[in-house]
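Since the structure comes first, as structure tokens, the remarks are kept for the end.
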Amino acid sequence: MAIHLRTPLTLSDITQLHAGDLVYLSGTIITARDRAHDRILHVPEIPFDLENAVIYHCGPIMERIDGSWKVIAAGPTTSSRLNQETAELLKRFDVHAVIGKGGMPITDAMRDRCVYLAYTGGCAVVAADHIDSVLDVYWTDLGMAEAVWAFDVHDFGPLIVGIDAHGRNLFSEVKKRAEKRLAMIL
């Protein structure tokens with residue numbers, strides 16, 4: 001059964017989720033990649049609200065048409081390279097969900113405060129189809145892919161809860177099972 005949630009997310013929203021659940025989001029999501037995370041953590045004030053927010057690890061391809069932004073592609077980027085920054089960001093802000101691909105080994109940092117929602121790589125055009133509009137863009141000096149984009153989304157997904165707020169991490173579980181099977185073969 002799919003769970004449909006609307007942002008901003010509450011703690012009640014995320015604590016109902018369990019690893020393996022299928023989720024669709026509607027509302028506002030904010031993109032952030034490497035340089036945006038670095039800036040968020042090193043400036044005294046940010047121009048957007050991360051209270052109960054959803055951060056999407058994404059570097060979208062955008063096109064300007066008649067003065068408005070159109071999303072051409074918005075697939076997930078690999079989250080693991082943002083492990084340290086995301087753990088620190090979760091300490092400072094009430095971000096309740098992170099969307100990306102590949103998982104993150106920061107289960108303890110997410111416990112009781114955040115979930116990791118895995119989006120299938122290669123689905124950039126599908127993702128763009130579920131973005132209704134661009135609400136705003138921040139820090140364009142970082143470049144198109146690294147700028148922070150605020151998107152209004154509808155039934156954004158399918159997303160799989162890869163790490164839940166209860167401490168379960170599907171990525172770690174799969175890795176352990178694979179290591180165990182490999183040890184049995186060798």
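The way I read the labels, and the way they are meant: chains A, B, ... in the order of the structure tokens, residue 1 as the first residue of every chain, and ligand 1 as the first ligand shown, with later ones counted on from there.
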Within 12 Å of stretch 63-71 of chain A, which residues of stretch 132-169 of chain A show up? Give each one with its shortest atom-to-atom distance in Å (one decimal) and the two atoms involved, counting only C-alpha atoms, rows by chain then rising residue number, as JSON lines.
{"residue": "A:Asp132", "atom": "CA", "partner": "A:Val71", "partner_atom": "CA", "distance": 9.0}
{"residue": "A:Ser133", "atom": "CA", "partner": "A:Lys70", "partner_atom": "CA", "distance": 7.4}
{"residue": "A:Val134", "atom": "CA", "partner": "A:Trp69", "partner_atom": "CA", "distance": 6.3}
{"residue": "A:Leu135", "atom": "CA", "partner": "A:Trp69", "partner_atom": "CA", "distance": 9.2}
{"residue": "A:Asp136", "atom": "CA", "partner": "A:Trp69", "partner_atom": "CA", "distance": 9.1}
{"residue": "A:Val137", "atom": "CA", "partner": "A:Trp69", "partner_atom": "CA", "distance": 9.3}
{"residue": "A:Met144", "atom": "CA", "partner": "A:Glu63", "partner_atom": "CA", "distance": 9.8}
{"residue": "A:Ala145", "atom": "CA", "partner": "A:Val71", "partner_atom": "CA", "distance": 11.6}
{"residue": "A:Trp149", "atom": "CA", "partner": "A:Val71", "partner_atom": "CA", "distance": 10.2}
{"residue": "A:Ala150", "atom": "CA", "partner": "A:Trp69", "partner_atom": "CA", "distance": 11.2}
{"residue": "A:Phe151", "atom": "CA", "partner": "A:Val71", "partner_atom": "CA", "distance": 9.3}
{"residue": "A:Asp152", "atom": "CA", "partner": "A:Val71", "partner_atom": "CA", "distance": 11.2}
{"residue": "A:Val153", "atom": "CA", "partner": "A:Val71", "partner_atom": "CA", "distance": 11.4}
Dump as a CSV table (one decimal), in the first residue's frame, selection limited to N, CA and C atoms:
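Saved to selection_35.csv:
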chain,number,residue,atom,x,y,z
A,132,ASP,N,5.1,20.2,-10.4
A,132,ASP,CA,4.1,21.1,-11.0
A,132,ASP,C,4.7,22.5,-11.3
A,133,SER,N,5.5,23.0,-10.4
A,133,SER,CA,6.1,24.3,-10.7
A,133,SER,C,7.3,24.6,-9.9
A,134,VAL,N,8.1,25.6,-10.3
A,134,VAL,CA,9.2,26.1,-9.6
A,134,VAL,C,8.8,27.2,-8.7
A,135,LEU,N,8.9,27.1,-7.4
A,135,LEU,CA,8.4,28.1,-6.5
A,135,LEU,C,9.5,29.2,-6.3
A,136,ASP,N,10.7,28.8,-6.3
A,136,ASP,CA,11.8,29.8,-6.2
A,136,ASP,C,13.1,29.1,-6.5
A,137,VAL,N,14.2,29.9,-6.6
A,137,VAL,CA,15.5,29.4,-6.8
A,137,VAL,C,16.4,30.3,-6.0
A,144,MET,N,23.5,26.0,-12.1
A,144,MET,CA,22.1,25.4,-12.2
A,144,MET,C,22.0,24.2,-11.4
A,145,ALA,N,22.9,23.2,-11.4
A,145,ALA,CA,22.8,22.0,-10.7
A,145,ALA,C,23.0,22.2,-9.2
A,149,TRP,N,16.7,24.8,-5.5
A,149,TRP,CA,15.5,25.0,-6.1
A,149,TRP,C,14.3,24.5,-5.2
A,150,ALA,N,13.3,25.3,-5.1
A,150,ALA,CA,12.1,24.9,-4.4
A,150,ALA,C,11.0,24.5,-5.4
A,151,PHE,N,10.6,23.3,-5.3
A,151,PHE,CA,9.7,22.7,-6.3
A,151,PHE,C,8.3,22.5,-5.6
A,152,ASP,N,7.2,22.7,-6.3
A,152,ASP,CA,5.9,22.2,-5.8
A,152,ASP,C,5.7,20.9,-6.6
A,153,VAL,N,5.5,19.8,-5.8
A,153,VAL,CA,5.4,18.5,-6.5
A,153,VAL,C,4.0,17.9,-6.1
Report task. Any chance you could list, as a PyMOL selection string, the residues in chain A that come up helix (DSSP H, G or I) when DSSP is run on the backbone? Result -> chain A and resi 11-15+34-42+80-92+107-110+124-129+140-142+170-185
Restricting the output to C-alpha atoms, write the selected residues as a CSV table (one decimal), in the first residue's frame.
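Below you can see part_32.csv, which holds the result:
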chain,number,residue,atom,x,y,z
A,11,LEU,CA,7.3,14.0,13.2
A,12,SER,CA,4.0,12.1,13.3
A,13,ASP,CA,4.2,11.7,9.5
A,14,ILE,CA,7.7,10.2,9.5
A,15,THR,CA,7.3,8.0,12.6
A,34,ASP,CA,27.4,19.4,-2.3
A,35,ARG,CA,28.0,23.2,-2.6
A,36,ALA,CA,24.5,24.1,-1.3
A,37,HIS,CA,25.0,21.9,1.8
A,38,ASP,CA,28.3,23.5,2.4
A,39,ARG,CA,26.8,27.0,2.1
A,40,ILE,CA,23.8,26.1,4.3
A,41,LEU,CA,26.3,25.0,7.1
A,42,HIS,CA,28.6,28.0,6.8
A,80,SER,CA,26.5,9.0,0.2
A,81,ARG,CA,29.0,11.8,-0.7
A,82,LEU,CA,26.9,14.1,1.5
A,83,ASN,CA,27.1,11.9,4.6
A,84,GLN,CA,29.0,14.3,6.9
A,85,GLU,CA,27.1,17.4,5.7
A,86,THR,CA,23.7,15.7,6.1
A,87,ALA,CA,24.4,14.5,9.6
A,88,GLU,CA,25.4,18.0,10.6
A,89,LEU,CA,22.4,19.6,8.8
A,90,LEU,CA,20.1,17.3,10.7
A,91,LYS,CA,21.6,18.5,14.0
A,92,ARG,CA,20.9,22.1,13.1
A,107,THR,CA,21.1,5.9,10.5
A,108,ASP,CA,21.8,7.2,14.0
A,109,ALA,CA,21.7,10.9,12.8
A,110,MET,CA,18.2,10.2,11.3
A,124,ALA,CA,15.0,12.1,-14.2
A,125,VAL,CA,12.2,12.7,-16.7
A,126,VAL,CA,9.6,10.9,-14.6
A,127,ALA,CA,10.6,13.0,-11.6
A,128,ALA,CA,10.2,16.2,-13.7
A,129,ASP,CA,6.7,15.1,-14.7
A,140,THR,CA,22.1,30.8,-8.6
A,141,ASP,CA,25.8,31.8,-8.3
A,142,LEU,CA,26.5,28.1,-7.5
A,170,LEU,CA,17.6,-1.3,4.2
A,171,PHE,CA,20.9,-0.5,2.5
A,172,SER,CA,22.9,-1.8,5.5
A,173,GLU,CA,20.7,-4.9,5.7
A,174,VAL,CA,21.2,-5.7,2.0
A,175,LYS,CA,25.0,-5.2,2.4
A,176,LYS,CA,25.2,-7.5,5.4
A,177,ARG,CA,23.1,-10.2,3.6
A,178,ALA,CA,25.4,-9.9,0.5
A,179,GLU,CA,28.5,-10.2,2.7
A,180,LYS,CA,27.1,-13.3,4.5
A,181,ARG,CA,26.3,-15.0,1.2
A,182,LEU,CA,29.7,-14.1,-0.2
A,183,ALA,CA,31.4,-15.6,2.8
A,184,MET,CA,29.4,-18.8,2.4
A,185,ILE,CA,30.6,-19.1,-1.2
What are the DSSP strand (DSSP E or B) residues of stretch 29-150 of chain A, as a CSV table (one decimal) with N, CA and C atoms, in the first residue's frame?
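Once everything was written out, this is selection-v4.csv:
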chain,number,residue,atom,x,y,z
A,29,ILE,N,9.3,20.6,-2.0
A,29,ILE,CA,10.6,19.9,-1.7
A,29,ILE,C,11.7,20.9,-2.2
A,30,ILE,N,12.9,20.8,-1.6
A,30,ILE,CA,14.0,21.7,-1.8
A,30,ILE,C,15.2,20.9,-2.3
A,31,THR,N,15.8,21.2,-3.4
A,31,THR,CA,17.0,20.5,-3.9
A,31,THR,C,18.2,21.1,-3.1
A,54,VAL,N,11.7,18.8,3.3
A,54,VAL,CA,12.2,17.7,2.5
A,54,VAL,C,13.3,18.2,1.6
A,55,ILE,N,14.5,17.6,1.8
A,55,ILE,CA,15.6,17.9,0.9
A,55,ILE,C,15.8,16.8,-0.1
A,56,TYR,N,15.9,17.2,-1.4
A,56,TYR,CA,16.1,16.3,-2.5
A,56,TYR,C,17.5,16.4,-3.0
A,58,CYS,N,19.5,16.4,-5.6
A,58,CYS,CA,19.2,16.5,-7.0
A,58,CYS,C,19.9,17.8,-7.6
A,61,ILE,N,18.1,19.8,-14.4
A,61,ILE,CA,18.3,20.5,-15.6
A,61,ILE,C,17.1,21.3,-15.9
A,62,MET,N,17.3,22.6,-16.0
A,62,MET,CA,16.2,23.6,-16.1
A,62,MET,C,16.3,24.4,-17.4
A,63,GLU,N,15.1,24.9,-17.8
A,63,GLU,CA,15.1,25.7,-19.0
A,63,GLU,C,14.2,26.9,-18.6
A,64,ARG,N,14.6,28.1,-19.1
A,64,ARG,CA,13.9,29.3,-18.9
A,64,ARG,C,13.0,29.5,-20.1
A,65,ILE,N,11.7,29.6,-19.9
A,65,ILE,CA,10.7,29.7,-21.0
A,65,ILE,C,9.8,30.9,-20.6
A,68,SER,N,9.7,32.1,-17.0
A,68,SER,CA,9.4,31.1,-16.0
A,68,SER,C,10.4,29.9,-16.2
A,69,TRP,N,10.7,29.2,-15.1
A,69,TRP,CA,11.5,28.0,-15.1
A,69,TRP,C,10.7,26.8,-15.4
A,70,LYS,N,11.2,25.9,-16.2
A,70,LYS,CA,10.6,24.6,-16.5
A,70,LYS,C,11.7,23.6,-16.2
A,71,VAL,N,11.2,22.5,-15.5
A,71,VAL,CA,12.1,21.4,-15.2
A,71,VAL,C,12.2,20.4,-16.3
A,72,ILE,N,13.3,20.2,-16.8
A,72,ILE,CA,13.5,19.3,-17.9
A,72,ILE,C,13.8,17.9,-17.4
A,73,ALA,N,14.7,17.8,-16.4
A,73,ALA,CA,15.1,16.5,-15.8
A,73,ALA,C,15.4,16.8,-14.3
A,76,PRO,N,17.5,11.9,-9.0
A,76,PRO,CA,18.3,11.9,-7.8
A,76,PRO,C,19.8,11.8,-8.1
A,78,THR,N,23.6,10.8,-6.1
A,78,THR,CA,24.1,9.9,-5.1
A,78,THR,C,24.3,10.6,-3.7
A,97,ALA,N,12.9,14.7,6.0
A,97,ALA,CA,13.1,13.7,4.9
A,97,ALA,C,14.2,14.2,4.0
A,98,VAL,N,15.0,13.2,3.5
A,98,VAL,CA,16.0,13.4,2.5
A,98,VAL,C,15.7,12.4,1.4
A,99,ILE,N,15.6,12.9,0.2
A,99,ILE,CA,15.4,12.0,-1.0
A,99,ILE,C,16.7,11.9,-1.8
A,100,GLY,N,17.1,10.8,-2.2
A,100,GLY,CA,18.3,10.6,-3.0
A,100,GLY,C,18.4,9.2,-3.5
A,101,LYS,N,19.6,8.8,-4.0
A,101,LYS,CA,19.8,7.4,-4.4
A,101,LYS,C,21.0,6.9,-3.7
A,115,VAL,N,13.7,10.6,7.8
A,115,VAL,CA,13.7,9.4,7.0
A,115,VAL,C,14.5,9.7,5.7
A,116,TYR,N,15.0,8.6,5.1
A,116,TYR,CA,15.7,8.6,3.8
A,116,TYR,C,14.8,8.0,2.8
A,117,LEU,N,14.4,8.7,1.8
A,117,LEU,CA,13.5,8.2,0.8
A,117,LEU,C,14.3,7.9,-0.5
A,118,ALA,N,14.4,6.7,-0.9
A,118,ALA,CA,15.2,6.3,-2.1
A,118,ALA,C,14.4,6.5,-3.3
A,131,ILE,N,6.7,17.4,-11.0
A,131,ILE,CA,7.0,18.7,-10.5
A,131,ILE,C,6.1,19.7,-11.2
A,132,ASP,N,5.1,20.2,-10.4
A,132,ASP,CA,4.1,21.1,-11.0
A,132,ASP,C,4.7,22.5,-11.3
A,133,SER,N,5.5,23.0,-10.4
A,133,SER,CA,6.1,24.3,-10.7
A,133,SER,C,7.3,24.6,-9.9
A,134,VAL,N,8.1,25.6,-10.3
A,134,VAL,CA,9.2,26.1,-9.6
A,134,VAL,C,8.8,27.2,-8.7
A,135,LEU,N,8.9,27.1,-7.4
A,135,LEU,CA,8.4,28.1,-6.5
A,135,LEU,C,9.5,29.2,-6.3
A,136,ASP,N,10.7,28.8,-6.3
A,136,ASP,CA,11.8,29.8,-6.2
A,136,ASP,C,13.1,29.1,-6.5
A,137,VAL,N,14.2,29.9,-6.6
A,137,VAL,CA,15.5,29.4,-6.8
A,137,VAL,C,16.4,30.3,-6.0
A,138,TYR,N,17.4,29.7,-5.3
A,138,TYR,CA,18.3,30.4,-4.4
A,138,TYR,C,19.7,30.1,-4.8
A,148,VAL,N,19.9,26.0,-5.1
A,148,VAL,CA,18.8,25.4,-4.3
A,148,VAL,C,17.5,25.8,-5.0
A,149,TRP,N,16.7,24.8,-5.5
A,149,TRP,CA,15.5,25.0,-6.1
A,149,TRP,C,14.3,24.5,-5.2
A,150,ALA,N,13.3,25.3,-5.1
A,150,ALA,CA,12.1,24.9,-4.4
A,150,ALA,C,11.0,24.5,-5.4
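For the pair atom CA of A:Gly27 and atom CA of A:Leu5, the separation is 8.5 Å.
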**Report entry** Using only C-alpha atoms: which of A:Val43, A:Leu22, A:Leu17, A:Met104 has the shortest distance to A:His57
**Finding:**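 That would be A:Met104, the residue with the smallest distance to A:His57.
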